[in-house]
file query24.cif (mmCIF, C-alpha atoms)
data_target
#
loop_
_atom_site.label_atom_id
_atom_site.label_comp_id
_atom_site.auth_asym_id
_atom_site.auth_seq_id
_atom_site.Cartn_x
_atom_site.Cartn_y
_atom_site.Cartn_z
CA MET Y 1 13.73 -16.03 16.63
CA ASN Y 2 10.84 -18.49 16.33
CA SER Y 3 8.53 -18.79 13.34
CA GLN Y 4 5.68 -16.87 15.00
CA THR Y 5 7.95 -13.90 15.71
CA ARG Y 6 9.25 -13.94 12.12
CA ILE Y 7 5.71 -13.95 10.76
CA PHE Y 8 4.76 -11.01 12.99
CA SER Y 9 7.87 -9.09 11.95
CA GLY Y 10 7.16 -9.79 8.27
CA LEU Y 11 3.56 -8.61 8.57
CA THR Y 12 4.67 -5.46 10.37
CA THR Y 13 7.19 -4.66 7.64
CA TYR Y 14 4.60 -5.31 4.95
CA ALA Y 15 2.06 -3.04 6.69
CA LEU Y 16 4.59 -0.21 7.02
CA LEU Y 17 5.66 -0.48 3.37
CA TYR Y 18 2.02 -0.55 2.30
CA LEU Y 19 1.23 2.60 4.31
CA VAL Y 20 4.26 4.40 2.89
CA PHE Y 21 3.27 3.44 -0.65
CA LEU Y 22 -0.31 4.56 -0.04
CA TYR Y 23 0.26 7.86 1.75
CA LEU Y 24 3.66 9.15 0.61
CA PRO Y 25 2.25 10.75 -2.59
CA VAL Y 26 -0.45 12.42 -0.47
CA MET Y 27 2.12 13.76 1.98
CA LEU Y 28 4.02 15.40 -0.90
CA LEU Y 29 0.97 17.60 -1.56
CA PRO Y 30 1.39 19.92 1.45
CA LEU Y 31 5.17 19.87 0.98
CA PHE Y 32 5.01 21.30 -2.54
CA SER Y 33 2.29 23.77 -1.53
CA PHE Y 34 5.03 25.72 0.30
CA ASN Y 35 7.36 25.67 -2.72
CA ASP Y 36 8.32 29.16 -3.93
CA GLY Y 37 8.62 27.98 -7.51
CA THR Y 38 5.88 27.00 -9.95
CA ILE Y 39 7.63 23.82 -11.09
CA ILE Y 40 6.59 20.82 -9.01
CA ALA Y 41 9.89 19.00 -8.68
CA PHE Y 42 12.81 18.52 -6.33
CA PRO Y 43 14.76 20.38 -5.15
CA ILE Y 44 12.27 22.84 -3.64
CA GLN Y 45 13.23 26.39 -4.60
CA GLY Y 46 12.24 28.02 -1.30
CA PHE Y 47 9.62 28.34 1.39
CA THR Y 48 6.61 30.61 0.85
CA LEU Y 49 3.02 31.15 2.00
CA LYS Y 50 2.01 33.30 -0.95
CA TRP Y 51 0.00 30.53 -2.63
CA TYR Y 52 -2.17 30.27 0.48
CA ALA Y 53 -2.54 34.05 0.65
CA GLN Y 54 -3.78 34.16 -2.94
CA LEU Y 55 -6.60 31.68 -2.33
CA GLY Y 56 -8.91 34.33 -0.89
CA GLU Y 57 -8.65 36.34 -4.12
CA GLN Y 58 -10.11 33.59 -6.32
CA THR Y 59 -13.84 34.21 -6.61
CA LYS Y 60 -14.62 31.08 -8.63
CA MET Y 61 -12.85 28.93 -6.08
CA LEU Y 62 -14.85 30.45 -3.22
CA GLU Y 63 -18.10 29.91 -5.16
CA SER Y 64 -17.27 26.26 -5.77
CA LEU Y 65 -16.31 25.88 -2.09
CA PHE Y 66 -19.70 27.30 -1.10
CA ASN Y 67 -21.40 24.85 -3.50
CA SER Y 68 -19.54 21.93 -1.93
CA LEU Y 69 -20.50 23.05 1.57
CA ILE Y 70 -24.18 23.22 0.58
CA VAL Y 71 -24.11 19.86 -1.17
CA GLY Y 72 -22.14 18.17 1.60
CA SER Y 73 -24.34 19.53 4.40
CA VAL Y 74 -27.64 18.60 2.76
CA ALA Y 75 -26.39 15.18 1.62
CA ALA Y 76 -25.06 14.44 5.12
CA LEU Y 77 -28.34 15.42 6.79
CA VAL Y 78 -30.53 13.44 4.39
CA SER Y 79 -28.35 10.32 4.26
CA THR Y 80 -27.91 10.27 8.06
CA ALA Y 81 -31.66 10.66 8.63
CA LEU Y 82 -32.40 7.83 6.20
CA GLY Y 83 -29.56 5.72 7.61
CA LEU Y 84 -30.82 6.23 11.18
CA PHE Y 85 -34.24 4.74 10.48
CA ALA Y 86 -32.93 2.06 8.13
CA ALA Y 87 -30.30 0.91 10.64
CA ARG Y 88 -32.86 0.78 13.44
CA ALA Y 89 -35.14 -1.38 11.30
CA TYR Y 90 -32.30 -3.74 10.34
CA VAL Y 91 -31.13 -4.17 13.95
CA ARG Y 92 -34.48 -4.21 15.75
CA TYR Y 93 -36.81 -6.13 13.46
CA THR Y 94 -36.97 -9.26 11.35
CA PHE Y 95 -39.03 -8.84 8.21
CA ARG Y 96 -39.31 -10.39 4.78
CA GLY Y 97 -36.68 -9.06 2.39
CA ARG Y 98 -34.48 -7.55 5.09
CA GLU Y 99 -31.26 -9.08 3.73
CA LEU Y 100 -32.16 -8.08 0.18
CA SER Y 101 -33.00 -4.56 1.28
CA GLU Y 102 -29.75 -4.19 3.18
CA GLY Y 103 -27.80 -5.54 0.22
CA LEU Y 104 -29.41 -2.98 -2.09
CA VAL Y 105 -28.57 -0.18 0.32
CA MET Y 106 -24.91 -1.24 0.34
CA LEU Y 107 -24.77 -1.72 -3.43
CA PRO Y 108 -23.30 1.75 -4.21
CA LEU Y 109 -20.10 0.66 -2.45
CA VAL Y 110 -19.32 -1.87 -5.18
CA ILE Y 111 -20.75 -0.18 -8.29
CA PRO Y 112 -18.16 1.79 -10.29
CA GLY Y 113 -18.70 5.51 -9.85
CA ILE Y 114 -18.62 6.19 -13.59
CA ILE Y 115 -21.54 3.78 -14.09
CA VAL Y 116 -23.57 5.43 -11.32
CA ALA Y 117 -22.82 8.92 -12.61
CA SER Y 118 -23.70 8.24 -16.24
CA SER Y 119 -26.86 6.33 -15.28
CA MET Y 120 -28.03 9.12 -12.99
CA LEU Y 121 -27.35 11.73 -15.65
CA VAL Y 122 -29.52 9.86 -18.14
CA LEU Y 123 -32.24 9.31 -15.52
CA PHE Y 124 -32.39 12.92 -14.36
CA ILE Y 125 -32.46 14.33 -17.88
CA SER Y 126 -35.19 11.87 -18.89
CA ILE Y 127 -37.44 13.10 -16.04
CA GLY Y 128 -36.71 16.75 -16.72
CA LEU Y 129 -34.03 17.48 -14.09
CA GLN Y 130 -31.13 19.37 -15.58
CA PRO Y 131 -27.64 19.05 -14.05
CA SER Y 132 -27.43 21.31 -11.00
CA LEU Y 133 -26.61 21.22 -7.30
CA THR Y 134 -29.94 19.46 -6.73
CA THR Y 135 -28.95 16.51 -8.89
CA VAL Y 136 -25.51 16.41 -7.22
CA ILE Y 137 -27.20 16.25 -3.80
CA LEU Y 138 -29.41 13.37 -4.93
CA GLY Y 139 -26.39 11.51 -6.27
CA HIS Y 140 -24.36 12.09 -3.14
CA VAL Y 141 -27.18 10.88 -0.89
CA PHE Y 142 -27.16 7.66 -2.91
CA ILE Y 143 -23.45 7.03 -2.38
CA ALA Y 144 -23.32 8.32 1.22
CA LEU Y 145 -26.27 6.25 2.48
CA PRO Y 146 -24.27 2.99 2.88
CA PHE Y 147 -21.78 4.78 5.13
CA ALA Y 148 -24.58 6.22 7.25
CA VAL Y 149 -26.30 2.84 7.60
CA SER Y 150 -23.05 1.09 8.58
CA ILE Y 151 -22.24 3.66 11.27
CA MET Y 152 -25.77 3.74 12.67
CA LYS Y 153 -25.99 -0.06 12.73
CA SER Y 154 -22.87 -0.06 14.88
CA ALA Y 155 -24.53 2.44 17.20
CA PHE Y 156 -27.70 0.32 17.48
CA ASP Y 157 -26.03 -3.11 17.73
CA ASP Y 158 -25.20 -2.85 21.45
CA PHE Y 159 -28.16 -0.71 22.38
CA ASP Y 160 -30.05 -2.12 25.38
CA GLN Y 161 -33.67 -2.55 24.25
CA SER Y 162 -34.82 -2.80 27.87
CA LEU Y 163 -34.40 0.98 28.12
CA GLU Y 164 -37.06 1.50 25.48
CA GLU Y 165 -39.28 -1.15 27.09
CA ALA Y 166 -38.96 0.65 30.42
CA ALA Y 167 -40.04 3.89 28.80
CA PHE Y 168 -43.10 2.15 27.31
CA ASP Y 169 -43.96 0.71 30.72
CA LEU Y 170 -43.86 4.21 32.17
CA GLY Y 171 -46.44 5.36 29.65
CA GLU Y 172 -44.25 6.99 27.00
CA ASN Y 173 -45.33 6.61 23.37
CA VAL Y 174 -43.14 5.46 20.48
CA ILE Y 175 -42.15 8.94 19.30
CA GLY Y 176 -41.41 10.15 22.82
CA THR Y 177 -39.32 7.09 23.59
CA PHE Y 178 -37.35 7.52 20.39
CA ARG Y 179 -36.76 11.22 21.12
CA ARG Y 180 -35.99 11.00 24.84
CA VAL Y 181 -34.30 7.60 25.15
CA THR Y 182 -32.99 6.35 21.82
CA LEU Y 183 -31.65 9.53 20.24
CA PRO Y 184 -29.55 10.69 23.22
CA ILE Y 185 -27.79 7.32 23.42
CA VAL Y 186 -27.06 7.00 19.70
CA SER Y 187 -26.30 10.72 19.24
CA PRO Y 188 -22.50 10.16 19.03
CA GLY Y 189 -23.18 7.74 16.16
CA ILE Y 190 -25.35 10.38 14.48
CA VAL Y 191 -22.57 12.96 14.75
CA SER Y 192 -20.07 10.43 13.40
CA SER Y 193 -22.37 9.63 10.47
CA LEU Y 194 -22.85 13.33 9.69
CA LEU Y 195 -19.11 13.92 9.62
CA VAL Y 196 -18.28 10.86 7.51
CA THR Y 197 -21.07 11.41 4.98
CA PHE Y 198 -20.17 15.09 4.71
CA THR Y 199 -16.56 14.10 3.98
CA VAL Y 200 -17.66 11.54 1.39
CA SER Y 201 -19.82 14.14 -0.36
CA PHE Y 202 -17.30 16.97 -0.05
CA ASP Y 203 -14.48 14.94 -1.64
CA GLU Y 204 -16.54 13.18 -4.33
CA PHE Y 205 -15.62 14.06 -7.93
CA VAL Y 206 -17.10 11.71 -10.54
CA LEU Y 207 -20.78 12.23 -9.73
CA ALA Y 208 -20.25 15.97 -9.26
CA PHE Y 209 -18.48 16.19 -12.61
CA PHE Y 210 -21.41 14.57 -14.41
CA LEU Y 211 -24.25 16.19 -12.48
CA SER Y 212 -23.13 19.68 -11.47
CA GLY Y 213 -23.65 21.43 -14.81
CA SER Y 214 -22.74 25.12 -14.53
CA GLU Y 215 -22.48 24.96 -10.71
CA PRO Y 216 -19.21 23.09 -10.07
CA THR Y 217 -18.29 21.77 -6.67
CA LEU Y 218 -14.80 22.24 -5.29
CA PRO Y 219 -13.31 18.93 -6.59
CA VAL Y 220 -14.59 19.77 -10.08
CA TYR Y 221 -13.06 23.24 -9.82
CA ILE Y 222 -9.72 21.78 -8.74
CA TRP Y 223 -9.77 19.40 -11.70
CA SER Y 224 -10.37 22.32 -14.05
CA GLN Y 225 -7.39 24.20 -12.60
CA ILE Y 226 -4.72 21.50 -12.70
CA ARG Y 227 -4.75 21.67 -16.50
CA PHE Y 228 -3.07 25.08 -16.29
CA PRO Y 229 0.52 24.96 -14.95
CA ALA Y 230 0.42 28.58 -13.74
CA LYS Y 231 -2.49 27.79 -11.43
CA LEU Y 232 -1.08 24.54 -10.11
CA PRO Y 233 0.63 26.02 -6.97
CA ASN Y 234 -2.65 27.57 -5.80
CA THR Y 235 -4.38 24.25 -6.42
CA LEU Y 236 -1.76 22.46 -4.32
CA ALA Y 237 -2.29 24.93 -1.48
CA LEU Y 238 -6.03 24.40 -1.66
CA GLY Y 239 -5.55 20.63 -1.80
CA ALA Y 240 -3.33 20.72 1.29
CA LEU Y 241 -6.02 22.60 3.22
CA LEU Y 242 -8.66 20.11 2.10
CA LEU Y 243 -6.44 17.19 3.09
CA GLY Y 244 -6.05 18.57 6.59
CA PHE Y 245 -9.75 19.34 6.82
CA SER Y 246 -10.71 15.82 5.73
CA ILE Y 247 -8.31 14.18 8.20
CA LEU Y 248 -9.69 16.35 11.00
CA LEU Y 249 -13.28 15.42 10.17
CA LEU Y 250 -12.49 11.71 10.06
CA LEU Y 251 -10.66 11.86 13.39
CA VAL Y 252 -13.61 13.62 15.01
CA ALA Y 253 -16.00 11.11 13.41
CA GLU Y 254 -13.96 8.19 14.78
CA TYR Y 255 -13.98 9.77 18.23
CA PHE Y 256 -17.76 10.01 18.23
CA ARG Y 257 -18.11 6.49 16.80
CA ARG Y 258 -16.06 5.04 19.68
CA ARG Y 259 -17.94 7.19 22.16
CA SER Y 260 -21.21 5.84 20.76
CA SER Y 261 -20.00 2.24 21.15
CA LYS Y 262 -18.91 2.85 24.76
CA ALA Y 263 -22.18 4.56 25.59
CA ALA Y 264 -24.20 1.68 24.15
CA VAL Y 265 -22.15 -0.87 26.07
CA GLY Y 266 -22.36 1.20 29.25
CA THR Y 267 -26.12 1.27 29.16
#

call {"tool": "encode", "arguments": {"input": "query24.cif", "output": "structure tokens"}}
result
Amino acid sequence: MNSQTRIFSGLTTYALLYLVFLYLPVMLLPLFSFNDGTIIAFPIQGFTLKWYAQLGEQTKMLESLFNSLIVGSVAALVSTALGLFAARAYVRYTFRGRELSEGLVMLPLVIPGIIVASSMLVLFISIGLQPSLTTVILGHVFIALPFAVSIMKSAFDDFDQSLEEAAFDLGENVIGTFRRVTLPIVSPGIVSSLLVTFTVSFDEFVLAFFLSGSEPTLPVYIWSQIRFPAKLPNTLALGALLLGFSILLLLVAEYFRRRSSKAAVGT
């Protein structure tokens, strides 16, 4: 075995161990959600679906789920719309302050969430906005925008500008060209951005905890329930469903992202 093979084998082993360390605790979540007992420990006392069946009876949980769906949908739409135009400007044009502007857009990725949440809470209260779903939406747009810009920049990077120039030569205006030529080609990237930003918003806890007030989102509701041991099995069942839902959304988003890249290259 030569040195190059040993290095590759060592990196493979490291990657596998890292993935096991990262995802094994998460994989235990759905496992214990089928546990017949209320004590979360091995050995599992039996297999049951009753914790899943009881989820539909919890009104507060359904209300918080509805709140998260509203917040996630609006935040995804707004951040994707803003990210679409920002990404097009960053890819298409050179202007003064472009690098600074792009850096500011990406800044939420490196700022601690607790700092963002507390700062936004102070800001909103100072301008007369009390904690509510509106303030949560504004906060989630702020943290989801970098994801939208990154995805849309990828969609625009390989876009053939000659297609837009051809549309102009044929007499189409800017808005018509954008609607009839640009949007159809980058639409997989738009779908991918919507899915990713929705997932980011739906799963976010810190900002929602600070800004939701008396209208908790689902992560805030889950946090409030895990303090009570009797309600923990239902929370695990709900968490397992959310885990599967999040994985599904990300897989679909990745599919559309790759489709967008292939479409841009194909043009």

call {"tool": "atom_distance", "arguments": {"input": "query24.cif", "atom1": "atom CA of Y:Val110", "atom2": "atom CA of Y:Leu19"}}
result
23.1 Å

call {"tool": "atom_distance", "arguments": {"input": "query24.cif", "atom1": "atom CA of Y:Ala208", "atom2": "atom CA of Y:Val136"}}
result
5.7 Å

call {"tool": "residues_around", "arguments": {"input": "query24.cif", "residues": "Y:Pro30", "least_positions_apart": "3", "cutoff": "12 Å", "atoms": "all atoms listed in the file", "output": "list in words"}}
result
Leu24, Pro25, Val26, Met27, Ser33, Phe34, Asn35, Ile40, Phe47, Thr48, Leu49, Trp51, Tyr52, Pro233, Asn234, Thr235, Leu236, Ala237, Leu238, Gly239, Ala240, Leu241, Leu242, Leu243 and Gly244 of chain Y

call {"tool": "resolve_selection", "arguments": {"input": "query24.cif", "expression": "the PyMOL selection byres ((chain Y and resi 198) around 9)", "output": "list in words"}}
result
Leu69, Val71, Gly72, Ser73, Val74, Ala75, Ala76, Leu77, Ala144, Ser193, Leu194, Leu195, Val196, Thr197, Thr199, Val200, Ser201, Phe202, Asp203 and Leu249 of chain Y

call {"tool": "atom_distance", "arguments": {"input": "query24.cif", "atom1": "atom CA of Y:Leu109", "atom2": "atom CA of Y:Phe147"}}
result
8.8 Å

call {"tool": "resolve_selection", "arguments": {"input": "query24.cif", "expression": "the PyMOL selection byres ((chain Y and resi 191) around 12)", "output": "number ranges by chain"}}
result
Y: 76-77, 80-81, 84, 148, 151-152, 155, 183-190, 192-198, 249-250, 252-260

call {"tool": "closest_residue", "arguments": {"input": "query24.cif", "among": "Y:Asn67, Y:Ser246, Y:Ser214, Y:Ser150", "to": "Y:Ile137", "atoms": "only C-alpha atoms"}}
result
Y:Asn67

call {"tool": "resolve_selection", "arguments": {"input": "query24.cif", "expression": "the PyMOL selection byres ((chain Y and resi 120-130) around 12)", "output": "VMD selection string"}}
result
chain Y and resid 113 to 119 131 to 140 142 to 143 206 to 215
